[in-house]
Structures are given as C-alpha cells and as structure tokens.
Amino acid sequence: DTMIKSKNKKATTTERIAARSRDLTKTVRNVQSRLEKKLEAQKHDLFECSAKEECRKAGDAIIGSIYMLKQGMESAELMDYESGEYIKVKLDKRLSPSKNAERYYKKYAKMKRAESALVQQIEQTEKELVYIESVSDLISRLSTSEDFEEMKDELANSGYLKGRRTKGAKKQKTKPLKFTTKGGFVVKVGKNNVQNDYLTFSADKNDYWFHTKNIPGSHTILYTEGQTPSDEDLTEAATIAAKHSKATEGSVVSVDYTLARYVKKPPHSKPGYVTYDKYKTAYIKL
C-alpha cells in the first residue's frame, strides 16, 4: 500500500513537472515568435532605407540642373553628375525646383537617421533572440519545481514574464549540476542563465570555462584548484558541456574553452550573455 502511494506521488510530481515545462515552453515560444516578427519588420524597414542614396542623387540632380526646371513639372530627365548618366526624377508640381530638392534632401536625412537607429535595434533584437533560445534550451533540461520557479524569476527580471512579482535577483535556491572527472576535477553546469553568470564570474581566473560554439548551452566550469588538468579531463568537461546544450545525439559538437579570466560580461547584457577570447575548440562526438 505504501509502495502504491509512493508510485502515485511520483507520477503526480512527474505530471506536474511536465505541465510546468509545457506552460513555460509555450510562454517562451510566444516571446520568440514576437521577436522574430519584430526582427522581420526591422529588416524590412532597413531595406527601405537603402533608397536613401537615390534621394540624395535626385536632390543633387535637381540642384545641378535647376535652371532647366520650373514649378508645375511632374518629372524630368536629369544628369546624375556622379555617374554621368541621365536619371528620371519625380517632382511635386506644387513645389518650386529648390523646394523639390529640399524635399529629397530631407528624405535622405530621415532615412539615414532611421538606418542608424535600425542597425542598433536589429542588433538588440538578435541578442534577445539568442537569449530566448538559450532559455528554451535550458527549460528542456529542468527537472524540479524549484528549477522552474527560478527560471520564471529569471524571465520576470528580464522583462519577459508579466504579472510575476520579483525583488531583483533572488538568491538561487537550486544548486548547479556537479560532476567529477576521472582525474578528480570538479565540473559544474548551470541550470539557468543567472546560475550560468554566477558560475562563470565566481570561478577562479585559472579555472576553465566551456560553452558550445554558436548553439545554446549551459556554462560549464572545470575547477582546477591550482592543479593542471590533463587533456582527458578537459575532454571530459567539454563532453559535459556538449551534453548540456541544444546539440543533438550523434552529432559532432564544437565546444569552445578558455580560462575564466578571458570571459567578460558586456554592460547591460542579458543573463548568460558573455564574450571571450584566447580560446581553443574541442570537437566532441555525442
């Protein structure tokens, strides 16, 4: 009877975890879909700005041939003095030639300003998508109610989960995953991006940091304790990093690794986002 109750309790817990995973995955997919549409619109607007040079050339052509033009004309074949060719320029018949040129120059200036802003906006949206993809990958490996609560807190603090009260970055209750290599070195793996940041930036400068190249994955730290890990230890840690990523079974995974001292966090960046240099790459067959 006790065994049946234990099994039922375990089944209920498993079902609850699966439901939390589905709910959070759906939330993250909705955010991802919204960001993808936003990025598409921004890229379309940026493409529209590529017509700015045509506006500048039209303005220059009007000024260069202003003596041939008069108010009331709807278009004119004018010399483009940059290329030496004639171009067709549309004119507003209500405006004087100089006002038509001014209109084109204003459009050029407006497009140039918009282009500069859009380049920055696109970069920001792409970074948000990278972050959301990392969250999606991490959710797929969460296994306890506490894991999901902490991920919800992370999303709320990052502005993606509305209606959830948070008080800044809470102290993490869950512990990172822990492994030991055959050589006796401890390896820890983050379960969420807040934990990833903590592991990476609380590590000693001579500990090793691992992360899958160009695909979402957990930050993985090999603690050296002043010792020099063997190639086998490094390969084991790289394999652990590969297994805790979006990489699929049977694939060859590129895992970058470097000393923790070479990993930096840009100001105002999302949890888990870092830059690094002076790294090597291990190729791991899953």
# chains A, B, ... in the order shown; residues from 1 in each chain; ligands from 1
$ residues_around --residues "segment 184-198 of chain A" --least-positions-apart "3" --cutoff "9 Å" --atoms "only C-alpha atoms" --output "JSON, numbers by chain"
{"A": [131, 134, 135, 138, 139, 141, 142, 147, 150, 151, 154, 169, 172, 174, 175, 176, 177, 178, 179, 180, 181, 201, 202, 203, 218, 219, 220, 221, 222, 223, 224, 225, 229, 233, 237, 240, 241, 244, 265, 270, 271, 272, 273, 274]}
$ closest_residue --among "A:Lys246, A:Lys88, A:Lys112, A:His211" --to "Lys57 of chain A" --atoms "only C-alpha atoms"
A:Lys88
$ atom_distance --atom1 "atom CA of Glu48 of chain A" --atom2 "atom CA of Val119 of chain A"
12.7 Å
$ select_by_dssp --residues "segment 88-223 of chain A" --states "helix (DSSP H, G or I)" --output "VMD selection string"
chain A and resid 97 to 139 145 to 157 193 to 202
